[in-house]
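Undergrad: Please find coords.cif (mmCIF, C-alpha atoms) on the next line:
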```cif
data_input
loop_
_atom_site.label_atom_id
_atom_site.label_comp_id
_atom_site.auth_asym_id
_atom_site.auth_seq_id
_atom_site.Cartn_x
_atom_site.Cartn_y
_atom_site.Cartn_z
CA MET T 76 61.44 5.09 -55.39
CA THR T 77 58.58 4.15 -53.06
CA MET T 78 61.00 3.02 -50.34
CA ARG T 79 62.94 6.24 -50.69
CA TYR T 80 59.79 8.34 -50.12
CA LEU T 81 58.85 6.14 -47.20
CA PHE T 82 62.29 6.58 -45.64
CA TRP T 83 62.24 10.38 -45.92
CA GLY T 84 58.65 10.44 -44.73
CA ILE T 85 59.65 8.63 -41.55
CA ILE T 86 62.59 10.99 -41.03
CA LEU T 87 60.32 14.02 -41.48
CA LEU T 88 57.77 12.61 -39.03
CA MET T 89 60.50 12.03 -36.45
CA LEU T 90 61.79 15.57 -36.87
CA LEU T 91 58.30 16.98 -36.41
CA CYS T 92 57.84 14.92 -33.25
CA PHE T 93 61.15 16.10 -31.83
CA ALA T 94 60.30 19.68 -32.72
CA GLY T 95 56.92 19.38 -31.01
CA PHE T 96 58.47 17.85 -27.92
CA GLY T 97 61.16 20.52 -27.85
CA GLY T 98 58.55 23.25 -28.09
CA TRP T 99 56.56 21.72 -25.23
CA LEU T 100 59.73 21.43 -23.16
CA LEU T 101 60.63 25.06 -23.72
CA SER T 102 57.10 26.11 -22.75
CA LEU T 103 57.49 24.61 -19.28
CA PRO T 104 58.46 26.82 -16.32
CA THR T 105 62.08 26.61 -15.24
CA GLY T 106 61.28 26.24 -11.54
CA ALA T 107 58.86 26.76 -8.69
CA PRO T 108 58.16 30.18 -7.13
CA ALA T 109 60.35 31.09 -4.15
CA THR T 110 57.52 31.97 -1.78
CA GLU T 111 56.15 30.53 1.44
CA ALA T 112 52.94 28.66 2.05
CA PRO T 113 50.23 30.93 3.47
CA GLN T 114 49.20 30.56 7.08
CA VAL T 115 46.00 28.67 7.90
CA PRO T 116 43.63 30.59 10.21
CA GLU T 117 43.06 28.92 13.57
CA ALA T 118 39.30 29.01 12.99
CA GLU T 119 39.77 26.92 9.84
CA ARG T 120 41.92 24.40 11.70
CA GLN T 121 39.32 24.07 14.44
CA ALA T 122 36.56 23.64 11.85
CA MET T 123 38.47 20.73 10.31
CA LEU T 124 38.93 19.07 13.70
CA GLU T 125 35.23 19.47 14.38
CA ALA T 126 34.36 17.94 11.00
CA LEU T 127 36.57 14.95 11.80
CA ARG T 128 35.47 14.46 15.39
CA PRO T 129 33.81 11.08 16.11
CA PRO T 130 30.07 11.20 16.76
CA ASP T 131 30.18 9.68 20.24
CA GLY T 132 32.54 8.45 22.91
CA ARG T 133 32.97 4.90 21.66
CA ARG T 134 36.15 3.63 20.01
CA PRO T 135 35.80 4.33 16.28
CA VAL T 136 36.26 1.83 13.46
CA VAL T 137 38.47 2.86 10.54
CA ALA T 138 38.44 1.00 7.22
CA VAL T 139 41.30 1.57 4.77
CA ILE T 140 40.02 0.35 1.41
CA GLY T 141 42.13 -0.89 -1.51
CA ILE T 142 41.78 -2.85 -4.73
CA ASN T 143 43.88 -5.97 -5.04
CA ASP T 144 45.74 -5.27 -8.26
CA ALA T 145 47.19 -1.80 -7.65
CA THR T 146 46.68 0.50 -4.66
CA GLU T 147 49.21 3.21 -3.82
CA THR T 148 51.80 1.97 -1.31
CA THR T 149 52.04 4.93 1.05
CA ASP T 150 48.35 5.84 0.85
CA TYR T 151 47.40 2.33 2.01
CA LEU T 152 50.06 1.57 4.62
CA VAL T 153 50.93 4.91 6.24
CA PRO T 154 47.41 5.74 7.50
CA THR T 155 47.08 2.22 8.88
CA GLY T 156 50.48 2.24 10.58
CA ILE T 157 50.07 5.69 12.12
CA LEU T 158 46.55 5.11 13.42
CA ARG T 159 47.45 1.72 14.87
CA ARG T 160 50.50 3.06 16.70
CA ALA T 161 48.26 5.77 18.15
CA ASP T 162 45.82 3.06 19.35
CA VAL T 163 42.84 5.41 19.18
CA ALA T 164 40.69 3.31 16.84
CA ASP T 165 40.19 -0.18 15.44
CA VAL T 166 41.90 0.04 12.04
CA LEU T 167 41.28 -2.54 9.32
CA LEU T 168 42.95 -2.98 5.96
CA VAL T 169 40.10 -3.85 3.61
CA SER T 170 40.35 -5.21 0.05
CA THR T 171 37.85 -5.72 -2.72
CA ASP T 172 38.60 -9.44 -3.10
CA PRO T 173 40.41 -12.25 -1.27
CA GLY T 174 44.14 -12.63 -1.84
CA PRO T 175 47.19 -10.35 -1.72
CA VAL T 176 46.93 -6.62 -2.30
CA ARG T 177 49.56 -5.58 -4.81
CA LEU T 178 50.70 -2.07 -4.01
CA TYR T 179 52.09 0.50 -6.42
CA PRO T 180 54.96 1.20 -6.91
CA ALA T 181 56.28 -1.42 -4.45
CA LEU T 182 55.30 -4.04 -1.84
CA GLN T 183 52.37 -6.39 -1.46
CA VAL T 184 50.42 -7.11 1.70
CA GLU T 185 47.54 -9.12 3.05
CA ALA T 186 44.39 -7.20 3.89
CA ASP T 187 42.61 -7.95 7.17
CA GLN T 188 39.22 -8.38 5.52
CA THR T 189 37.41 -8.17 2.24
CA MET T 190 34.60 -5.65 1.84
CA ALA T 191 32.08 -8.48 2.16
CA THR T 192 33.57 -9.67 5.45
CA PHE T 193 33.74 -6.14 6.78
CA ASP T 194 30.09 -5.56 5.95
CA ALA T 195 29.09 -8.78 7.68
CA GLU T 196 31.00 -7.88 10.84
CA HIS T 197 30.16 -4.17 10.79
CA PRO T 198 26.60 -3.86 9.47
CA ASP T 199 26.37 -0.29 10.76
CA GLY T 200 29.41 0.65 8.71
CA ALA T 201 32.74 2.27 9.55
CA ASP T 202 33.13 5.52 11.42
CA TYR T 203 35.90 6.54 9.01
CA VAL T 204 36.85 5.23 5.58
CA ILE T 205 40.25 6.09 4.11
CA VAL T 206 40.47 6.01 0.31
CA PRO T 207 43.96 5.72 -1.23
CA ALA T 208 44.89 6.31 -4.85
CA MET T 209 44.07 3.26 -6.97
CA SER T 210 44.93 2.08 -10.46
CA ARG T 211 41.26 2.35 -11.41
CA ASP T 212 38.95 5.15 -10.35
CA ASP T 213 35.82 3.37 -11.54
CA ASP T 214 35.88 0.00 -9.82
CA PRO T 215 32.14 -0.68 -9.35
CA GLN T 216 32.68 -2.62 -6.11
CA VAL T 217 34.59 0.24 -4.51
CA LEU T 218 32.24 2.97 -5.72
CA GLY T 219 29.14 1.15 -4.50
CA TRP T 220 30.76 0.32 -1.17
CA LEU T 221 31.86 3.92 -0.59
CA ARG T 222 28.38 5.23 -1.32
CA ALA T 223 26.92 2.69 1.11
CA GLN T 224 29.41 3.63 3.82
CA ALA T 225 28.61 7.32 3.36
CA GLU T 226 24.89 6.60 3.64
CA LYS T 227 25.56 4.82 6.95
CA GLY T 228 27.29 7.94 8.27
CA ALA T 229 30.99 7.26 7.68
CA ARG T 230 33.38 10.17 7.38
CA ILE T 231 35.35 9.66 4.17
CA ILE T 232 39.01 10.70 3.88
CA ALA T 233 40.51 10.52 0.38
CA VAL T 234 44.30 10.60 0.41
CA CYS T 235 46.12 11.87 -2.68
CA ALA T 236 44.47 10.74 -5.94
CA GLY T 237 41.96 8.81 -3.86
CA ALA T 238 39.97 12.01 -4.50
CA LYS T 239 39.46 10.76 -8.07
CA VAL T 240 37.85 7.60 -6.71
CA LEU T 241 35.70 9.63 -4.37
CA GLY T 242 34.85 12.02 -7.19
CA ALA T 243 33.59 9.10 -9.28
CA THR T 244 31.07 8.26 -6.54
CA GLY T 245 29.55 11.74 -6.72
CA LEU T 246 30.37 12.35 -3.05
CA LEU T 247 32.58 15.34 -3.93
CA ASP T 248 29.97 17.13 -6.01
CA ASN T 249 29.47 20.72 -4.83
CA ARG T 250 32.11 20.29 -2.12
CA ARG T 251 35.44 21.96 -1.42
CA ALA T 252 38.33 19.60 -2.12
CA THR T 253 41.92 19.11 -3.18
CA THR T 254 44.04 16.28 -4.59
CA HIS T 255 47.52 15.40 -5.89
CA TRP T 256 48.74 18.20 -8.20
CA TYR T 257 49.24 15.85 -11.16
CA TYR T 258 45.63 14.62 -11.13
CA LEU T 259 43.93 17.92 -10.39
CA ARG T 260 42.95 18.77 -13.96
CA ASP T 261 41.59 15.27 -14.56
CA LEU T 262 39.58 15.40 -11.32
CA LEU T 263 38.01 18.75 -12.19
CA GLN T 264 37.22 17.66 -15.74
CA ARG T 265 35.43 14.56 -14.48
CA SER T 266 33.77 16.29 -11.55
CA PRO T 267 33.31 19.95 -12.57
CA GLY T 268 31.11 20.66 -9.55
CA ILE T 269 34.09 20.43 -7.18
CA ASP T 270 35.25 23.67 -5.59
CA TYR T 271 39.04 23.29 -5.70
CA VAL T 272 40.91 24.81 -2.74
CA PRO T 273 44.58 25.66 -3.43
CA ASP T 274 47.31 26.12 -0.82
CA ARG T 275 45.83 23.59 1.59
CA ARG T 276 47.33 20.17 2.28
CA MET T 277 43.99 18.97 3.67
CA VAL T 278 40.46 20.19 3.02
CA SER T 279 37.31 19.16 4.92
CA ASP T 280 33.77 19.79 3.73
CA GLY T 281 31.13 18.17 5.89
CA ALA T 282 31.75 14.44 6.17
CA VAL T 283 34.33 14.41 3.35
CA THR T 284 38.03 15.25 3.60
CA THR T 285 40.62 15.25 0.82
CA THR T 286 44.39 15.76 0.78
CA THR T 287 47.14 16.70 -1.63
CA GLY T 288 49.77 14.19 -2.74
CA ILE T 289 51.16 11.06 -1.17
CA SER T 290 53.20 12.49 1.71
CA ALA T 291 50.11 14.31 3.04
CA SER T 292 49.02 11.03 4.63
CA MET T 293 51.21 11.79 7.67
CA PRO T 294 49.77 15.22 8.60
CA MET T 295 46.29 13.99 7.69
CA MET T 296 46.46 11.07 10.12
CA LEU T 297 47.89 13.26 12.88
CA THR T 298 44.98 15.64 12.36
CA LEU T 299 42.56 12.72 12.60
CA ILE T 300 44.26 11.51 15.81
CA GLU T 301 43.93 15.00 17.25
CA ALA T 302 40.23 15.05 16.36
CA ILE T 303 39.64 11.64 17.98
CA ALA T 304 41.91 11.75 21.03
CA GLY T 305 43.11 15.32 21.52
CA ARG T 306 46.19 17.44 20.90
CA GLN T 307 48.43 15.76 23.46
CA LYS T 308 47.96 12.33 21.93
CA ALA T 309 48.66 13.69 18.46
CA GLU T 310 51.84 15.36 19.73
CA GLU T 311 53.04 12.07 21.23
CA VAL T 312 52.52 10.23 17.95
CA ALA T 313 54.05 13.07 15.94
CA ALA T 314 57.20 12.94 18.09
CA GLY T 315 57.57 9.24 17.34
CA LEU T 316 57.14 9.90 13.63
CA GLY T 317 59.62 12.77 13.66
CA VAL T 318 56.98 15.24 12.44
CA PRO T 319 57.34 18.69 14.07
CA SER T 320 54.03 20.10 12.78
CA TRP T 321 51.03 18.88 10.84
CA ASP T 322 48.86 21.82 9.90
CA ALA T 323 47.25 22.31 6.48
CA ARG T 324 49.78 24.80 5.12
CA HIS T 325 50.75 24.08 1.52
CA LEU T 326 52.17 25.97 -1.44
CA SER T 327 50.32 24.55 -4.43
CA ALA T 328 52.34 26.58 -6.95
CA ALA T 329 55.51 24.74 -5.90
CA PHE T 330 54.27 21.51 -7.47
CA GLY T 331 53.94 20.89 -11.18
CA ILE T 332 55.83 19.76 -14.26
CA THR T 333 58.88 21.97 -14.71
CA ARG T 334 61.51 21.83 -17.43
CA ARG T 335 63.97 20.18 -15.06
CA PHE T 336 61.36 17.63 -13.95
CA ALA T 337 60.57 16.65 -17.55
CA THR T 338 64.18 16.44 -18.73
CA THR T 339 65.22 14.42 -15.67
CA VAL T 340 62.39 11.91 -16.12
CA LEU T 341 63.22 11.59 -19.83
CA ALA T 342 66.94 11.10 -19.18
CA ASN T 343 66.32 8.52 -16.48
CA ARG T 344 63.86 6.60 -18.65
CA LEU T 345 66.26 6.56 -21.59
CA ALA T 346 69.01 5.15 -19.35
CA PHE T 347 67.08 1.89 -18.94
CA TRP T 348 70.26 -0.19 -19.18
CA ASP T 349 71.51 1.46 -16.00
CA SER T 350 68.44 0.76 -13.86
CA GLU T 351 68.90 -0.93 -10.49
CA GLU T 352 66.94 -3.28 -8.31
CA PHE T 353 67.19 -3.02 -4.53
CA VAL T 354 66.35 -6.07 -2.47
CA LEU T 355 65.53 -5.38 1.16
CA GLN T 356 65.33 -8.25 3.62
CA ILE T 357 62.86 -7.42 6.37
CA LYS T 358 61.84 -9.19 9.55
CA ASP T 359 58.97 -9.15 12.00
CA GLY T 360 58.56 -5.81 13.72
CA VAL T 361 59.67 -3.67 10.77
CA ASP T 362 58.21 -0.16 10.89
CA GLU T 363 55.63 -0.30 8.11
CA VAL T 364 55.46 3.50 7.79
CA SER T 365 59.22 3.87 7.27
CA LEU T 366 59.27 0.88 4.93
CA ALA T 367 56.42 2.24 2.80
CA LEU T 368 57.98 5.71 2.52
CA ALA T 369 61.45 4.39 1.58
CA ALA T 370 60.20 1.77 -0.89
CA ASP T 371 57.80 4.25 -2.48
CA ALA T 372 60.45 6.93 -2.88
CA TRP T 373 63.16 4.69 -4.38
CA SER T 374 60.62 3.21 -6.78
CA ARG T 375 59.78 6.67 -8.18
CA SER T 376 63.31 7.60 -9.26
CA TYR T 377 62.89 6.14 -12.79
CA ARG T 378 66.23 4.49 -12.07
CA SER T 379 65.43 1.85 -9.46
CA SER T 380 62.88 -0.65 -8.22
CA VAL T 381 62.43 -2.31 -4.85
CA GLU T 382 61.78 -5.91 -3.91
CA ILE T 383 61.19 -7.36 -0.47
CA GLN T 384 62.58 -10.59 0.92
CA SER T 385 62.24 -12.33 4.26
CA ALA T 386 64.66 -14.86 5.72
CA SER T 387 61.95 -17.50 5.94
CA GLY T 388 60.29 -16.66 2.63
CA GLU T 389 57.03 -16.23 4.54
CA ALA T 390 55.01 -13.11 5.33
CA VAL T 391 56.52 -10.66 7.78
CA VAL T 392 54.35 -9.03 10.43
CA SER T 393 55.14 -5.33 10.82
CA ALA T 394 55.35 -3.40 14.08
CA ASN T 395 51.64 -2.67 13.90
CA GLY T 396 50.33 -5.95 12.59
CA ILE T 397 50.43 -5.58 8.81
CA ARG T 398 51.34 -8.80 7.00
CA ILE T 399 53.89 -7.91 4.32
CA LEU T 400 54.49 -10.52 1.63
CA PRO T 401 57.96 -11.10 0.17
CA ASP T 402 58.36 -10.78 -3.57
CA PRO T 403 59.06 -13.99 -5.52
CA ASP T 404 62.69 -15.08 -5.53
CA ARG T 405 64.76 -13.87 -8.44
CA ALA T 406 67.86 -15.50 -9.88
CA HIS T 407 70.05 -12.46 -9.35
CA VAL T 408 71.01 -10.76 -6.13
CA GLY T 409 69.94 -7.14 -5.78
CA GLN T 410 71.55 -4.37 -3.82
CA ASP T 411 70.35 -3.65 -0.30
CA LEU T 412 70.67 0.13 -0.03
CA LEU T 413 67.44 1.05 1.70
CA SER T 414 67.44 2.39 5.22
CA VAL T 415 64.22 2.00 7.20
CA GLU T 416 65.65 2.62 10.65
CA GLY T 417 64.56 5.66 12.62
CA PRO T 418 61.50 7.92 12.75
CA PRO T 419 59.56 7.72 9.46
CA ALA T 420 59.83 11.42 8.63
CA ARG T 421 63.59 11.19 9.05
CA VAL T 422 63.68 8.01 6.93
CA LEU T 423 61.90 9.85 4.11
CA ASP T 424 64.30 12.78 4.33
CA GLN T 425 67.31 10.45 4.41
CA THR T 426 65.94 8.49 1.45
CA LEU T 427 65.68 11.66 -0.62
CA GLU T 428 69.24 12.58 0.37
CA ASP T 429 70.44 9.08 -0.60
CA ILE T 430 68.66 9.33 -3.96
CA ALA T 431 70.34 12.70 -4.53
CA SER T 432 73.74 11.22 -3.68
CA ARG T 433 73.24 8.25 -6.00
CA TYR T 434 71.41 9.80 -8.97
CA GLY T 435 71.74 13.55 -8.46
CA LEU T 436 69.61 16.30 -6.95
CA PRO T 437 67.30 16.60 -9.99
CA THR T 438 66.18 12.98 -9.53
CA ALA T 439 65.61 13.52 -5.81
CA HIS T 440 63.41 16.49 -6.67
CA VAL T 441 61.49 14.40 -9.22
CA VAL T 442 60.73 11.95 -6.41
CA ALA T 443 59.77 14.69 -3.95
CA MET T 444 57.52 16.26 -6.59
CA GLN T 445 55.70 12.97 -7.12
CA LEU T 446 55.27 12.56 -3.37
CA GLU T 447 54.15 16.23 -3.21
CA CYS T 448 56.65 16.57 -0.40
CA PRO T 449 57.97 20.05 0.49
CA TRP T 450 61.65 19.04 0.23
CA ALA T 451 63.63 22.03 -0.94
CA LYS T 452 67.24 20.90 -0.55
CA GLY T 453 69.35 22.15 -3.42
CA ALA T 454 66.36 23.66 -5.21
CA PRO T 455 67.22 26.57 -7.51
#
```
Could you spell out this file's structure in structure tokens?

TA:
Amino acid sequence: MTMRYLFWGIILLMLLCFAGFGGWLLSLPTGAPATEAPQVPEAERQAMLEALRPPDGRRPVVAVIGINDATETTDYLVPTGILRRADVADVLLVSTDPGPVRLYPALQVEADQTMATFDAEHPDGADYVIVPAMSRDDDPQVLGWLRAQAEKGARIIAVCAGAKVLGATGLLDNRRATTHWYYLRDLLQRSPGIDYVPDRRMVSDGAVTTTTGISASMPMMLTLIEAIAGRQKAEEVAAGLGVPSWDARHLSAAFGITRRFATTVLANRLAFWDSEEFVLQIKDGVDEVSLALAADAWSRSYRSSVEIQSASGEAVVSANGIRILPDPDRAHVGQDLLSVEGPPARVLDQTLEDIASRYGLPTAHVVAMQLECPWAKGAP
């Protein structure tokens, strides 16, 4: 008798859970609004450039900080790759500790310096510090280091959920800011003094700048290049990236959890037996920006993961000097379906199209939503 009650109790609990989930699913919006992002006044754009302008004529130093166990792939590599190809600053990948920096959701690299080494070589601090999203927002080493850099006069740029890290330092208190749509509520709960600015891909307030989700790293770095070296230089770099414009326009209401997003993620997670692993063999000179965007996107499909191999088994040096480490050898052979040839913006667009062809448009939109990328192909 006891086992019988237990059995029916479990069945009832499962039914209640399914009913609750179904109710939540039905409460979600069916899609994003079909409107356009509002224009950004020219005065606002100029104010941002002025806020980002270097203090004097010397070549600035940029530190891109990351923790070793999980720093967001695109947030860490794209700013570094873009700024180095522009050659307008000395750009250093910095880590909390010695050893490889494991990126999320794909790739691992070697940083140029630890925070301790950077401090020893740059006692006056960086001119700019770029803060990616990290697996932990409360790493005491990072928080203390960011506060110290700010006190020395560094301009801090938090990309994506790097705003949560910056918020934990207190440097966003009573400032205007934005962040990745998924982490906005959490950021405002932890730092209620922040003045959230919607419909802007980038927001500057004094010496602090924040951005929306992952793909905003490209327009953010072009804006920084324009502030450092002028419009013409930024246009040259943008042409090489395949980016036609890089202003702060953004439609915040287009990003959020919709019914299609939730059902697609659930379906892809449940189909775990049909997941795929792509193995990409890279060589010296690979475009680190294109690689980061493609690997990041494929790894967010909930259907695939990405591993990197090199012919020699040793680190590969990218086009702009980033040492990319191959993943450990596996017994099986993966599928090489990634394309990293061409301008990075085009590679990202092509990757989303390839994901749509392989897994369907809903999955491609799940990826674009996570990247907070305004990719509207096939949207209802």

Undergrad: Pull the neighbourhood of (42.6, 3.1, 18.9) for me: all residues within 10 Å in file coordinates, counting all atoms listed in the file, as JSON, numbers by chain.

TA: {"T": [134, 135, 136, 137, 158, 159, 160, 161, 162, 163, 164, 165, 166, 300, 303, 304]}

Undergrad: Rounded to one decimal place, report the CA of Leu366 (chain T)-CA of Val415 (chain T) distance in Å.

TA: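 That distance, rounded to one decimal, is 5.6 Å.
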
Undergrad: So, counting all atoms listed in the file, which residue among T:Arg378, T:Arg275, T:His440, T:Arg334 is closest to Val115 (chain T)?

TA: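 Selected residue with least distance to Val115 (chain T): T:Arg275.
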
Undergrad: For the structure provided, state which residues fall under the PyMOL selection byres ((chain T and resi 291-299) around 7), and present them as a VMD selection string.

TA: chain T and resid 127 150 153 to 154 157 to 158 234 276 to 277 286 to 290 300 to 303 309 313 321 to 322

Undergrad: Using the chain letters and numbering of this document, enumerate as a compact mmCIF listing (two decimals) with C-alpha atoms, keeping the file's coordinate frame the residues selected by the PyMOL selection byres ((chain T and resi 337-345) around 8).

TA:
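So selection.txt came out as:
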```txt
# COMPACT_ATOMS: atom_id res chain seq x y z
CA LEU T 100 59.73 21.43 -23.16
CA ILE T 332 55.83 19.76 -14.26
CA THR T 333 58.88 21.97 -14.71
CA ARG T 334 61.51 21.83 -17.43
CA ARG T 335 63.97 20.18 -15.06
CA PHE T 336 61.36 17.63 -13.95
CA ALA T 346 69.01 5.15 -19.35
CA PHE T 347 67.08 1.89 -18.94
CA SER T 376 63.31 7.60 -9.26
CA TYR T 377 62.89 6.14 -12.79
CA ARG T 378 66.23 4.49 -12.07
CA PRO T 437 67.30 16.60 -9.99
CA THR T 438 66.18 12.98 -9.53
CA VAL T 441 61.49 14.40 -9.22
```

Undergrad: Taking all atoms listed in the file into account, which of T:Ser350, T:Ala323, T:Val169, T:Pro180 comes nearest Glu382 (chain T)?

TA: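 Closest to Glu382 (chain T) of all the choices is T:Pro180.
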
Undergrad: Name the residues in contact with region 204-213 of chain T at a cut-off of 7 Å, using only C-alpha atoms, excluding same-chain residues fewer than 5 positions from it; report them as a list in words.

TA: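 Using only C-alpha atoms, the neighbours found are Val137, Ala138, Val139, Ile140, Gly141, Ile142, Ala145, Thr146, Glu147, Asp150, Tyr151, Leu218, Ala229, Arg230, Ile231, Ile232, Ala233, Val234, Cys235, Ala236, Gly237, Lys239, Val240 and Ala243 of chain T.
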
Undergrad: List the spatial neighbours of Ala186 (chain T) as a ChimeraX atom specification - criterion: any atom at most 12 Å away, all atoms listed in the file, same-chain residues fewer than 2 positions off excluded.

TA: /T:138-143,146,151-152,155,166-178,183-184,188-190,192-193,396-400

Undergrad: Between T:Glu311, T:Glu447, T:Asp270, T:Asp359, which one has atoms that come closest to Gln384 (chain T), using all atoms listed in the file?

TA: T:Asp359

Undergrad: Of the candidates T:Leu413, T:Ala282, T:Ala223, T:Val318, which shows the shortest atom-to-atom distance to Ala122 (chain T), using all atoms listed in the file?

TA: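 Closest to Ala122 (chain T) of all the choices is T:Ala282.
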
Undergrad: Could you list, as JSON, numbers by chain, every residue within 6 Å of region 417-431 of chain T, counting all atoms listed in the file and ignoring same-chain residues fewer than 4 positions away?

TA: {"T": [316, 317, 365, 368, 435, 436, 439]}

Undergrad: Could the residues in this selection be written to a file with C-alpha atoms, as an mmCIF file, keeping the file's coordinate frame?

TA:
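What follows is the written file again.cif:
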```
data_model
loop_
_atom_site.group_PDB
_atom_site.id
_atom_site.type_symbol
_atom_site.label_atom_id
_atom_site.label_comp_id
_atom_site.auth_asym_id
_atom_site.auth_seq_id
_atom_site.Cartn_x
_atom_site.Cartn_y
_atom_site.Cartn_z
ATOM 1 C CA LEU T 316 57.140 9.900 13.630
ATOM 2 C CA GLY T 317 59.620 12.770 13.660
ATOM 3 C CA SER T 365 59.220 3.870 7.270
ATOM 4 C CA LEU T 368 57.980 5.710 2.520
ATOM 5 C CA GLY T 435 71.740 13.550 -8.460
ATOM 6 C CA LEU T 436 69.610 16.300 -6.950
ATOM 7 C CA ALA T 439 65.610 13.520 -5.810
#
```

Undergrad: What's the separation between CA of Met123 (chain T) and CA of Asp371 (chain T), in Å to one decimal place?

TA: 28.4 Å

Undergrad: Generate the missing atoms of region 303-318 of chain T up to N, CA, C and O atoms and report them as a tab-separated table (two decimals), keeping the file's coordinate frame.

TA:
```tsv
chain	number	residue	atom	x	y	z
T	303	ILE	N	40.20	12.77	17.21
T	303	ILE	CA	39.64	11.64	17.98
T	303	ILE	C	40.06	11.69	19.44
T	303	ILE	O	39.23	11.50	20.35
T	304	ALA	N	41.37	11.95	19.68
T	304	ALA	CA	41.91	11.75	21.03
T	304	ALA	C	42.56	12.99	21.64
T	304	ALA	O	43.08	12.91	22.75
T	305	GLY	N	42.58	14.11	20.92
T	305	GLY	CA	43.11	15.32	21.52
T	305	GLY	C	44.53	15.67	21.07
T	305	GLY	O	45.26	14.84	20.52
T	306	ARG	N	44.91	16.90	21.35
T	306	ARG	CA	46.19	17.44	20.90
T	306	ARG	C	47.37	16.71	21.52
T	306	ARG	O	48.36	16.42	20.85
T	307	GLN	N	47.29	16.39	22.79
T	307	GLN	CA	48.43	15.76	23.46
T	307	GLN	C	48.75	14.41	22.83
T	307	GLN	O	49.92	14.09	22.60
T	308	LYS	N	47.73	13.63	22.55
T	308	LYS	CA	47.96	12.33	21.93
T	308	LYS	C	48.59	12.50	20.55
T	308	LYS	O	49.52	11.77	20.19
T	309	ALA	N	48.10	13.46	19.79
T	309	ALA	CA	48.66	13.69	18.46
T	309	ALA	C	50.12	14.12	18.55
T	309	ALA	O	50.95	13.71	17.74
T	310	GLU	N	50.45	14.93	19.55
T	310	GLU	CA	51.84	15.36	19.73
T	310	GLU	C	52.75	14.18	20.07
T	310	GLU	O	53.89	14.11	19.61
T	311	GLU	N	52.25	13.26	20.89
T	311	GLU	CA	53.04	12.07	21.23
T	311	GLU	C	53.33	11.24	19.99
T	311	GLU	O	54.47	10.79	19.77
T	312	VAL	N	52.32	11.02	19.17
T	312	VAL	CA	52.52	10.23	17.95
T	312	VAL	C	53.42	10.97	16.98
T	312	VAL	O	54.31	10.37	16.36
T	313	ALA	N	53.23	12.28	16.85
T	313	ALA	CA	54.05	13.07	15.94
T	313	ALA	C	55.52	13.01	16.32
T	313	ALA	O	56.40	12.92	15.46
T	314	ALA	N	55.81	13.04	17.63
T	314	ALA	CA	57.20	12.94	18.09
T	314	ALA	C	57.82	11.63	17.66
T	314	ALA	O	58.98	11.58	17.23
T	315	GLY	N	57.06	10.54	17.77
T	315	GLY	CA	57.57	9.24	17.34
T	315	GLY	C	57.79	9.15	15.85
T	315	GLY	O	58.67	8.42	15.39
T	316	LEU	N	56.99	9.89	15.09
T	316	LEU	CA	57.14	9.90	13.63
T	316	LEU	C	58.23	10.85	13.17
T	316	LEU	O	58.69	10.77	12.02
T	317	GLY	N	58.64	11.77	14.05
T	317	GLY	CA	59.62	12.77	13.66
T	317	GLY	C	58.99	13.93	12.90
T	317	GLY	O	59.67	14.59	12.11
T	318	VAL	N	57.70	14.17	13.14
T	318	VAL	CA	56.98	15.24	12.44
T	318	VAL	C	56.80	16.42	13.40
T	318	VAL	O	56.08	16.31	14.39
```
